[in-house]
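Have a look at coords01.tsv; it's TSV, C-alpha atoms and all ligand atoms:
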chain	number	residue	atom	x	y	z
A	240	MET	CA	13.85	-13.08	7.65
A	241	THR	CA	11.45	-13.17	10.54
A	242	HIS	CA	8.01	-12.05	9.59
A	243	ALA	CA	4.49	-12.55	10.82
A	244	SER	CA	2.71	-14.97	8.50
A	245	THR	CA	-0.48	-14.50	10.50
A	246	ARG	CA	-1.90	-11.30	11.84
A	247	PRO	CA	0.14	-9.91	14.75
A	248	PRO	CA	-1.29	-9.91	18.31
A	249	PRO	CA	-3.96	-7.25	18.89
A	250	GLY	CA	-2.70	-4.10	20.57
A	251	SER	CA	0.70	-4.24	18.82
A	252	ARG	CA	2.09	-0.93	17.68
A	253	VAL	CA	2.12	-0.74	13.89
A	254	PHE	CA	4.15	1.73	11.83
A	255	SER	CA	4.19	2.17	8.10
A	256	GLY	CA	5.05	4.95	5.68
A	257	MET	CA	4.48	5.87	2.06
A	258	GLN	CA	6.39	8.25	-0.19
A	259	PRO	CA	4.43	11.22	-1.46
A	260	SER	CA	3.99	10.86	-5.19
A	261	GLY	CA	0.59	12.56	-5.27
A	262	GLU	CA	-2.71	10.72	-5.23
A	263	ALA	CA	-2.43	7.03	-4.40
A	264	HIS	CA	-3.03	4.41	-7.10
A	265	LEU	CA	-4.56	0.96	-7.26
A	266	GLY	CA	-1.28	-0.74	-6.29
A	267	ASN	CA	-0.88	1.49	-3.21
A	268	TYR	CA	-4.46	0.73	-2.23
A	269	LEU	CA	-4.42	-3.06	-2.72
A	270	GLY	CA	-0.87	-3.54	-1.47
A	271	ALA	CA	-0.94	-1.19	1.53
A	272	LEU	CA	-3.73	1.30	2.27
A	273	ARG	CA	-6.54	-1.24	2.35
A	274	GLN	CA	-4.63	-3.33	4.92
A	275	TRP	CA	-3.58	-0.26	6.88
A	276	ALA	CA	-7.21	0.80	7.22
A	277	ALA	CA	-8.26	-2.72	8.30
A	278	MET	CA	-5.56	-2.82	10.99
A	279	GLN	CA	-6.90	0.25	12.78
A	280	ASP	CA	-9.52	-1.72	14.72
A	281	ASP	CA	-7.03	-3.97	16.49
A	282	TYR	CA	-3.73	-2.12	16.56
A	283	ASP	CA	-2.07	1.07	17.72
A	284	CYS	CA	-1.38	2.43	14.23
A	285	ILE	CA	1.00	5.17	13.12
A	286	TYR	CA	0.96	6.07	9.42
A	287	CYS	CA	3.46	8.47	7.93
A	288	ILE	CA	3.94	10.36	4.67
A	289	VAL	CA	7.70	10.01	4.27
A	290	ASP	CA	8.62	13.21	2.42
A	291	GLN	CA	12.26	13.08	3.51
A	292	HIS	CA	12.64	9.77	1.69
A	293	ALA	CA	11.31	11.40	-1.46
A	294	ILE	CA	14.33	13.72	-1.70
A	295	THR	CA	16.82	10.86	-2.08
A	296	GLY	CA	16.09	10.55	-5.81
A	297	ARG	CA	15.36	13.16	-8.49
A	298	TYR	CA	12.35	15.18	-7.44
A	299	ASP	CA	10.59	18.47	-8.04
A	300	ALA	CA	10.87	20.65	-4.92
A	301	ALA	CA	8.06	22.94	-6.09
A	302	ALA	CA	5.69	19.98	-6.51
A	303	LEU	CA	6.55	18.12	-3.30
A	304	PRO	CA	4.21	20.00	-0.89
A	305	GLY	CA	1.25	19.41	-3.24
A	306	ALA	CA	2.17	15.72	-3.53
A	307	VAL	CA	2.20	15.44	0.29
A	308	PHE	CA	-1.22	17.07	0.48
A	309	ASP	CA	-2.63	14.81	-2.25
A	310	LEU	CA	-1.34	11.68	-0.54
A	311	ALA	CA	-2.83	12.86	2.77
A	312	ILE	CA	-6.20	13.09	1.01
A	313	SER	CA	-5.70	9.59	-0.42
A	314	PHE	CA	-4.90	8.28	3.08
A	315	LEU	CA	-8.14	9.75	4.43
A	316	ALA	CA	-10.17	8.64	1.42
A	317	SER	CA	-8.85	5.07	1.85
A	318	GLY	CA	-10.30	4.96	5.35
A	319	LEU	CA	-7.33	5.93	7.51
A	320	ASP	CA	-9.03	7.52	10.47
A	321	PRO	CA	-7.30	10.25	12.49
A	322	GLU	CA	-9.42	9.31	15.51
A	323	ARG	CA	-8.00	5.78	15.53
A	324	SER	CA	-4.55	6.27	13.99
A	325	ILE	CA	-1.77	8.81	14.05
A	326	ILE	CA	-1.42	10.26	10.54
A	327	PHE	CA	1.43	12.70	9.98
A	328	VAL	CA	4.22	13.96	7.73
A	329	GLN	CA	7.75	12.77	8.46
A	330	SER	CA	9.45	16.20	8.20
A	331	ASP	CA	7.08	17.57	10.87
A	332	VAL	CA	8.83	15.35	13.43
A	333	PRO	CA	12.53	16.28	13.16
A	334	GLU	CA	13.55	13.53	15.61
A	335	HIS	CA	13.42	11.03	12.71
A	336	THR	CA	16.48	12.57	11.08
A	337	GLU	CA	18.27	12.98	14.40
A	338	LEU	CA	17.83	9.28	15.21
A	339	SER	CA	18.91	8.38	11.71
A	340	TRP	CA	22.20	10.24	12.27
A	341	LEU	CA	22.72	8.46	15.59
A	342	PHE	CA	22.08	5.10	13.89
A	343	ASN	CA	24.88	5.92	11.47
A	344	SER	CA	27.18	4.98	14.34
A	345	VAL	CA	26.01	1.33	14.21
A	346	ALA	CA	24.71	0.83	10.63
A	347	PRO	CA	27.27	-1.18	8.60
A	348	ILE	CA	28.16	0.44	5.29
A	349	GLY	CA	28.66	-2.96	3.62
A	350	ASP	CA	25.07	-3.93	4.36
A	351	LEU	CA	23.80	-0.63	2.98
A	352	GLU	CA	25.75	-1.15	-0.23
A	353	ARG	CA	24.24	-4.63	-0.58
A	354	MET	CA	20.63	-3.39	-0.47
A	355	ILE	CA	18.94	-4.44	-3.72
A	356	GLN	CA	17.08	-1.14	-4.11
A	357	PHE	CA	20.30	0.83	-3.65
A	358	LYS	CA	22.08	-1.27	-6.25
A	359	GLU	CA	19.25	-0.96	-8.77
A	360	LYS	CA	18.76	2.78	-8.33
A	361	SER	CA	22.43	3.75	-8.06
A	362	GLU	CA	23.27	1.81	-11.23
A	363	ARG	CA	21.22	4.30	-13.24
A	364	MET	CA	22.87	7.37	-11.65
A	365	GLU	CA	25.98	9.22	-12.69
A	366	SER	CA	26.50	10.61	-9.21
A	367	VAL	CA	24.99	8.73	-6.28
A	368	PRO	CA	23.80	10.87	-3.35
A	369	VAL	CA	24.69	9.65	0.17
A	370	GLY	CA	20.99	9.90	1.00
A	371	LEU	CA	20.22	7.03	-1.35
A	372	LEU	CA	22.69	4.81	0.49
A	373	ASN	CA	21.38	5.97	3.87
A	374	TYR	CA	17.72	5.61	2.93
A	375	PRO	CA	17.26	2.36	4.94
A	376	VAL	CA	18.90	3.98	7.99
A	377	LEU	CA	16.27	6.73	7.95
A	378	GLN	CA	13.67	4.02	7.46
A	379	ALA	CA	15.01	2.24	10.57
A	380	ALA	CA	14.73	5.52	12.48
A	381	ASP	CA	11.14	6.04	11.25
A	382	ILE	CA	10.17	2.67	12.70
A	383	LEU	CA	12.29	2.45	15.84
A	384	ILE	CA	11.57	5.97	17.04
A	385	TYR	CA	8.02	4.71	17.73
A	386	ARG	CA	9.33	1.39	19.10
A	387	ALA	CA	6.95	-0.27	16.66
A	388	ASP	CA	6.30	-4.01	17.00
A	389	VAL	CA	5.01	-4.59	13.50
A	390	VAL	CA	5.62	-3.09	10.07
A	391	PRO	CA	3.27	-3.97	7.22
A	392	VAL	CA	5.52	-3.99	4.17
A	393	GLY	CA	5.57	-5.18	0.60
A	394	GLU	CA	7.91	-7.97	-0.48
A	395	ASP	CA	10.34	-5.40	-1.89
A	396	GLN	CA	10.83	-3.82	1.53
A	397	ARG	CA	11.65	-7.04	3.39
A	398	GLN	CA	15.39	-6.53	3.07
A	399	HIS	CA	15.16	-3.00	4.47
A	400	LEU	CA	13.16	-4.23	7.44
A	401	GLU	CA	15.74	-6.91	8.14
A	402	LEU	CA	18.34	-4.12	8.24
A	403	THR	CA	16.13	-2.22	10.73
A	404	ARG	CA	16.11	-5.31	12.96
A	405	ASP	CA	19.86	-5.59	12.61
A	406	ILE	CA	20.36	-1.92	13.53
A	407	ALA	CA	18.13	-2.40	16.60
A	408	ARG	CA	20.18	-5.48	17.61
A	409	LYS	CA	23.51	-3.71	17.16
A	410	TRP	CA	22.33	-0.58	18.95
A	411	ASN	CA	20.93	-2.64	21.87
A	412	ALA	CA	24.17	-4.62	22.13
A	413	ARG	CA	26.20	-1.41	22.33
A	414	PHE	CA	23.93	0.79	24.48
A	415	GLY	CA	21.66	-1.62	26.39
A	416	LYS	CA	18.40	-3.28	25.37
A	417	TYR	CA	15.77	-0.66	24.65
A	418	LEU	CA	14.69	-0.88	21.01
A	419	PRO	CA	12.35	-3.67	19.85
A	420	GLU	CA	13.14	-5.76	16.78
A	421	PRO	CA	10.02	-5.16	14.72
A	422	GLN	CA	8.34	-7.94	12.77
A	423	ALA	CA	7.48	-7.62	9.11
A	424	TYR	CA	3.86	-8.26	8.30
A	425	ILE	CA	3.44	-9.08	4.63
A	426	PRO	CA	-0.23	-8.68	3.77
A	427	ARG	CA	-1.78	-11.38	1.59
A	428	ALA	CA	-2.15	-9.06	-1.39
A	429	GLY	CA	1.49	-9.74	-2.32
A	430	ARG	CA	2.96	-8.06	-5.38
A	431	ILE	CA	0.43	-6.13	-7.43
A	432	VAL	CA	1.45	-6.35	-11.06
A	433	GLY	CA	0.78	-3.32	-13.26
A	434	LEU	CA	-1.70	-3.18	-16.14
A	435	ASP	CA	1.23	-3.86	-18.46
A	436	GLY	CA	1.37	-7.36	-16.93
A	437	ARG	CA	5.10	-7.04	-16.19
A	438	SER	CA	6.22	-4.35	-13.74
A	439	LYS	CA	5.12	-3.39	-10.26
A	440	MET	CA	2.27	-0.86	-10.41
A	441	SER	CA	3.68	2.63	-10.52
A	442	LYS	CA	2.42	6.02	-11.54
A	443	SER	CA	5.63	6.87	-13.37
A	444	LEU	CA	5.26	3.74	-15.54
A	445	GLY	CA	1.64	4.68	-16.33
A	446	ASN	CA	0.51	1.09	-15.67
A	447	THR	CA	-2.06	1.77	-12.98
A	448	VAL	CA	-5.32	3.50	-12.07
A	449	GLY	CA	-5.51	6.39	-9.60
A	450	ILE	CA	-7.78	5.67	-6.63
A	451	LEU	CA	-9.44	9.05	-7.19
A	452	ASP	CA	-9.69	8.82	-11.00
A	453	GLU	CA	-13.06	9.57	-12.56
A	454	PRO	CA	-15.02	6.59	-14.03
A	455	ASP	CA	-14.10	7.45	-17.64
A	456	GLU	CA	-10.42	7.53	-16.78
A	457	ILE	CA	-10.70	4.20	-14.92
A	458	ARG	CA	-12.30	2.61	-18.02
A	459	ARG	CA	-9.69	4.15	-20.34
A	460	ARG	CA	-6.81	2.85	-18.25
A	461	VAL	CA	-8.22	-0.61	-17.64
A	462	ARG	CA	-8.76	-0.98	-21.42
A	463	THR	CA	-4.95	-0.87	-21.82
A	464	ALA	CA	-4.46	-3.92	-19.55
A	465	VAL	CA	-2.50	-6.86	-20.91
A	466	THR	CA	-4.41	-10.17	-20.73
A	467	ASP	CA	-3.53	-13.82	-21.46
A	468	PRO	CA	-0.94	-13.37	-24.25
A	469	ALA	CA	-2.03	-16.66	-25.90
A	470	ARG	CA	-5.58	-15.41	-26.37
A	471	ILE	CA	-5.37	-13.70	-29.73
A	472	ARG	CA	-8.94	-13.99	-31.00
A	473	LYS	CA	-12.15	-13.76	-28.99
A	474	THR	CA	-12.85	-17.37	-29.97
A	475	ASP	CA	-9.58	-18.64	-28.39
A	476	PRO	CA	-10.12	-20.20	-24.95
A	477	GLY	CA	-8.30	-18.13	-22.30
A	478	ARG	CA	-6.30	-19.00	-19.17
A	479	PRO	CA	-7.43	-16.93	-16.19
A	480	GLU	CA	-4.58	-18.35	-14.09
A	481	VAL	CA	-2.00	-16.49	-16.20
A	482	CYS	CA	-4.11	-13.38	-16.85
A	483	ASN	CA	-3.34	-10.26	-14.83
A	484	VAL	CA	-6.85	-8.89	-15.41
A	485	TYR	CA	-8.21	-11.97	-13.70
A	486	SER	CA	-5.83	-11.52	-10.76
A	487	LEU	CA	-7.17	-7.97	-10.38
A	488	HIS	CA	-10.76	-9.27	-10.49
A	489	GLU	CA	-9.75	-11.43	-7.51
A	490	HIS	CA	-9.40	-8.30	-5.36
A	491	PHE	CA	-12.89	-7.04	-6.12
A	492	ALA	CA	-15.28	-9.80	-7.23
A	493	ASP	CA	-16.94	-12.38	-4.98
A	494	GLU	CA	-16.37	-16.10	-5.50
A	495	GLU	CA	-19.45	-16.69	-7.61
A	496	ARG	CA	-18.55	-13.90	-9.99
A	497	LEU	CA	-14.94	-15.10	-10.14
A	498	ASP	CA	-16.09	-18.62	-11.08
A	499	ASP	CA	-18.24	-17.11	-13.79
A	500	ILE	CA	-15.38	-14.99	-15.15
A	501	ALA	CA	-13.03	-18.00	-15.20
A	502	HIS	CA	-15.61	-20.26	-16.85
A	503	GLN	CA	-16.58	-17.72	-19.53
A	504	CYS	CA	-12.89	-17.15	-20.25
A	505	ARG	CA	-11.94	-20.82	-20.54
A	506	THR	CA	-14.89	-21.53	-22.80
A	507	ALA	CA	-14.32	-18.39	-24.90
A	508	GLN	CA	-17.82	-17.17	-24.16
A	509	ARG	CA	-16.67	-13.75	-23.07
A	510	GLY	CA	-14.09	-11.58	-24.77
A	511	CYS	CA	-11.28	-9.72	-23.02
A	512	VAL	CA	-12.75	-6.30	-23.88
A	513	GLN	CA	-15.95	-7.16	-22.03
A	514	CYS	CA	-14.04	-8.74	-19.18
A	515	LYS	CA	-11.95	-5.59	-18.76
A	516	GLY	CA	-15.13	-3.51	-18.83
A	517	MET	CA	-16.41	-5.57	-15.91
A	518	LEU	CA	-13.16	-4.99	-14.02
A	519	ALA	CA	-13.41	-1.23	-14.63
A	520	GLU	CA	-16.94	-1.30	-13.20
A	521	GLU	CA	-15.79	-3.20	-10.10
A	522	ILE	CA	-12.97	-0.71	-9.50
A	523	ASP	CA	-15.27	2.25	-10.09
A	524	GLU	CA	-17.81	0.89	-7.63
A	525	ALA	CA	-15.16	0.26	-4.97
A	526	PHE	CA	-13.57	3.69	-5.42
A	527	ALA	CA	-16.72	5.86	-5.70
A	528	PRO	CA	-17.02	6.38	-1.90
A	529	MET	CA	-13.34	7.36	-1.79
A	530	ARG	CA	-13.90	10.04	-4.43
A	531	GLU	CA	-16.64	11.50	-2.23
A	532	VAL	CA	-14.41	11.64	0.85
A	533	ALA	CA	-11.62	13.19	-1.22
A	534	ALA	CA	-14.00	15.84	-2.59
A	535	HIS	CA	-14.93	16.77	0.97
A	536	TYR	CA	-11.30	17.25	2.02
A	537	ARG	CA	-10.44	19.11	-1.16
A	538	ALA	CA	-13.19	21.57	-0.28
A	539	HIS	CA	-11.89	21.80	3.32
A	540	PRO	CA	-8.07	21.84	3.15
A	541	GLU	CA	-7.90	23.34	6.65
A	542	GLU	CA	-9.25	20.04	8.01
A	543	VAL	CA	-6.39	18.16	6.35
A	544	ARG	CA	-3.89	20.59	7.85
A	545	ARG	CA	-5.45	20.18	11.29
A	546	ILE	CA	-5.35	16.37	11.04
A	547	LEU	CA	-1.67	16.35	10.01
A	548	ASP	CA	-0.72	18.92	12.67
A	549	ASP	CA	-2.47	16.92	15.34
A	550	GLY	CA	-0.81	13.71	14.06
A	551	ALA	CA	2.62	15.37	14.21
A	552	GLN	CA	1.97	16.47	17.81
A	553	ARG	CA	1.02	12.97	18.88
A	554	ALA	CA	3.85	11.32	16.94
A	555	GLY	CA	6.30	13.94	18.22
A	556	ALA	CA	5.42	13.18	21.85
A	557	ILE	CA	6.39	9.50	21.39
A	558	ALA	CA	9.47	10.41	19.35
A	559	ARG	CA	10.73	12.84	21.98
A	560	GLU	CA	10.35	10.23	24.69
A	561	THR	CA	12.41	7.73	22.67
A	562	MET	CA	15.04	10.33	21.84
A	563	ALA	CA	15.50	11.33	25.49
A	564	GLU	CA	16.34	7.71	26.31
A	565	VAL	CA	18.48	7.19	23.20
A	566	ARG	CA	20.49	10.40	23.77
A	567	SER	CA	21.04	9.51	27.40
A	568	ARG	CA	22.26	5.98	26.61
A	569	MET	CA	24.52	7.32	23.88
A	570	GLY	CA	26.12	9.90	26.18
A	571	LEU	CA	24.57	12.86	24.42
A	572	ASP	CA	23.08	14.43	27.53
A	573	TRP	CA	25.92	16.56	28.88
A	574	LYS	CA	23.40	19.03	30.27
A	575	ARG	CA	22.23	16.45	32.78
A	576	THR	CA	25.81	16.09	34.06
A	577	ALA	CA	26.18	19.86	34.18
A	578	ARG	CA	22.92	20.13	36.13
A	579	ALA	CA	24.01	17.44	38.60
A	580	LEU	CA	27.35	19.16	39.16
A	581	THR	CA	25.63	22.52	39.69
A	582	GLU	CA	23.33	20.98	42.27
A	583	GLU	CA	26.31	19.36	44.01
A	584	THR	CA	28.18	22.68	44.15
A	585	GLU	CA	25.14	24.50	45.48
A	586	SER	CA	24.37	21.96	48.19
B	1	LIG	FE1	-8.19	-12.46	-18.92
B	1	LIG	FE2	-10.79	-11.99	-18.85
B	1	LIG	FE3	-9.50	-12.17	-21.20
B	1	LIG	FE4	-9.85	-14.33	-19.72
B	1	LIG	S1	-11.47	-13.09	-20.65
B	1	LIG	S2	-7.94	-13.72	-20.72
B	1	LIG	S3	-9.70	-13.51	-17.64
B	1	LIG	S4	-9.24	-10.61	-19.63
For the structure just supplied, provide its representation as structure tokens.
Ligand code: SF4
Amino acid sequence: MTHASTRPPPGSRVFSGMQPSGEAHLGNYLGALRQWAAMQDDYDCIYCIVDQHAITGRYDAAALPGAVFDLAISFLASGLDPERSIIFVQSDVPEHTELSWLFNSVAPIGDLERMIQFKEKSERMESVPVGLLNYPVLQAADILIYRADVVPVGEDQRQHLELTRDIARKWNARFGKYLPEPQAYIPRAGRIVGLDGRSKMSKSLGNTVGILDEPDEIRRRVRTAVTDPARIRKTDPGRPEVCNVYSLHEHFADEERLDDIAHQCRTAQRGCVQCKGMLAEEIDEAFAPMREVAAHYRAHPEEVRRILDDGAQRAGAIARETMAEVRSRMGLDWKRTARALTEETES
């Protein structure tokens, strides 16, 4: 897998998307949104709420629009800036699904069936929808329609991005070189383990903290965090290197504080309850400004609508340009031939 181990060259076009499952959580923030916001200074960023991906599993149609709106607020609260980035909703730019259909002509079914996420999810289903199999093809369309150079992704999306590169290669070989092969950029944050100390952070597993949760809720949730399993009594020395609470401290505390936490843990001078209280405080402090921004947008939903509409316009302009070229190369522009023949007849 080719991926950028260092930051990509400034000016590169960056695309990334997130499924709407309501307000973002700590894992979304540490693993994606924080990096997305930081990339805005140096890159041409396009960030998308991928609602059409959300319908490939079981979902509540009545709740989906609200979940899109809540995620848009989380995007803005996390520092995504509509002046510097394009922020939009996937279904507002219908060219994504059109390109996805066209890619079906080059995407190999065997590769789709080998995708780890497809295998894991389909195993639990009685009847597997085609959309679940085709999910990475739509993902390829999301990225390639903007001819993105770089895609910040989590480890679990690496395989899908490799498929995107493969689709671009196959399409270019068949219809002429036009689509770039985007690079994966895996931010340093890596895999953010949930408060249960086992699974990836996820709202449905209840092992995370919402980025817009109130301080009491943050404290309540952090209290449930699993620590060093060998530390049974407060007087037992702990091992920060195996403790998930410590790895979360690493995202928020400075070096001096981290040294103190590690030392107090190893020498059993501080108990886990107190240590988790400190983590809750760090998270609360980091998230307080985001709650303020979110409160502003909640009070002004028309601003959110305007931002997303404007984002869809700007994204749509790029998407339409790509599609005109793609359709033409794929022989889907019969009107152009008809126009040329008409002109010939008239001249
Ligand atoms: Fe983890 Fe902190 Fe407990 Fe040490 S004191 S095991 S770092 S929660």
Using all atoms listed in the file, tabulate the residues of chain A lying at most 9 Å from any atom of ligand LIG 1 (chain B), each with its closest atom pair and that distance in Å to one decimal, by chain and increasing residue number, as a tab-separated table.
residue	atom	partner	partner_atom	distance
A:Ala464	CA	B:LIG1	S4	8.2
A:Val465	CA	B:LIG1	S4	7.8
A:Thr466	CA	B:LIG1	FE1	4.8
A:Asp467	CA	B:LIG1	S2	4.5
A:Pro468	CA	B:LIG1	S2	7.8
A:Ala469	CA	B:LIG1	S2	8.4
A:Arg470	CA	B:LIG1	S2	6.4
A:Lys473	CA	B:LIG1	FE3	8.4
A:Pro476	CA	B:LIG1	FE4	7.9
A:Gly477	CA	B:LIG1	S2	4.7
A:Arg478	CA	B:LIG1	S2	5.7
A:Pro479	CA	B:LIG1	S3	4.4
A:Glu480	CA	B:LIG1	S3	7.9
A:Val481	CA	B:LIG1	FE1	7.9
A:Cys482	CA	B:LIG1	FE1	4.7
A:Asn483	CA	B:LIG1	FE1	6.7
A:Val484	CA	B:LIG1	S4	5.1
A:Tyr485	CA	B:LIG1	S3	4.5
A:Ser486	CA	B:LIG1	S3	8.1
A:His488	CA	B:LIG1	S3	8.4
A:Ile500	CA	B:LIG1	S3	6.4
A:Ala501	CA	B:LIG1	S3	6.1
A:His502	CA	B:LIG1	FE4	8.8
A:Gln503	CA	B:LIG1	S1	7.0
A:Cys504	CA	B:LIG1	FE4	4.2
A:Arg505	CA	B:LIG1	FE4	6.9
A:Ala507	CA	B:LIG1	S1	7.4
A:Gln508	CA	B:LIG1	S1	8.3
A:Arg509	CA	B:LIG1	S1	5.8
A:Gly510	CA	B:LIG1	S1	5.1
A:Cys511	CA	B:LIG1	FE3	3.5
A:Val512	CA	B:LIG1	S4	7.0
A:Gln513	CA	B:LIG1	S1	7.6
A:Cys514	CA	B:LIG1	FE2	4.6
A:Lys515	CA	B:LIG1	S4	5.8
A:Leu518	CA	B:LIG1	FE2	8.8
**9 Å contact set for segment 569-584 of chain A, all atoms listed in the file, chain neighbours under 5 positions out, as a PyMOL selection string** = chain A and resi 341+414+563-564
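Proximity of A:Val328, A:Val289, A:Leu402, A:Ala412 to Arg553 of chain A, computed with only C-alpha atoms, is greatest for A:Val328.
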**Message:** Set the distance at 12 Å and use all atoms listed in the file: which residues neighbour Pro540 of chain A once local chain neighbours fewer than 3 positions away are removed? I'd like the list as a PyMOL selection string.
**Reply:** chain A and resi 305+308-309+311-312+533-537+543-547
**Message:** Env of segment 269-271 of chain A: 12 Å cut, atoms = all atoms listed in the file, seq-sep filter 4 positions within chain, self excluded. Answer as a VMD selection string.
**Reply:** chain A and resid 254 to 257 263 to 265 275 to 278 286 313 to 314 317 to 319 390 to 395 424 to 433 439 to 441 447 to 450 486 to 491 522 525 to 526
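Across the model, the gap from atom CA of Ser567 of chain A to atom CA of His335 of chain A is 16.6 Å.
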**Long-range neighbours of Pro421 of chain A as a list in words, 7 Å cut-off, all atoms listed in the file, 3 positions minimum in chain** = Ala387, Asp388, Val389, Val390 and Arg404 of chain A
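Pairwise distance (atom CA of Pro333 of chain A, atom CA of Gly555 of chain A) equals 8.4 Å.
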**Point-to-point distance from atom CA of Met529 of chain A to atom CA of Phe327 of chain A, Å rounded to tenths** =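 So the answer is 19.6 Å.
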**Prompt:** Of the candidates A:Lys416, A:Arg568, A:His399, A:Arg530, which shows the shortest atom-to-atom distance to Gln356 of chain A, using all atoms listed in the file?
**Reply:**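 Checking each of A:Lys416, A:Arg568, A:His399, A:Arg530 against Gln356 of chain A, counting all atoms listed in the file, the winner is A:His399.
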**Request:** Have a look at A:Val532, A:Ala379, A:Ile557, A:Leu400 and name the one nearest to Ser339 of chain A; count only C-alpha atoms.
**Result:**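 Between A:Val532, A:Ala379, A:Ile557, A:Leu400, the residue approaching Ser339 of chain A most closely is A:Ala379.
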**Asked** Quick one: residues within 12 Å of Asn411 of chain A, all atoms listed in the file counted, chain neighbours fewer than 3 positions away excluded, as a count of residues only?
**Response** 18
**Asked** With distances taken over only C-alpha atoms, which of A:Pro454, A:Pro368, A:Gly250, A:Gly436 is nearest to Asp283 of chain A?
**Response** A:Gly250
**Prompt:** Using all atoms listed in the file, which of the listed residues (A:Arg459, A:Glu352, A:Leu338, A:Leu497) sits closest to Thr561 of chain A?
**Reply:** A:Leu338
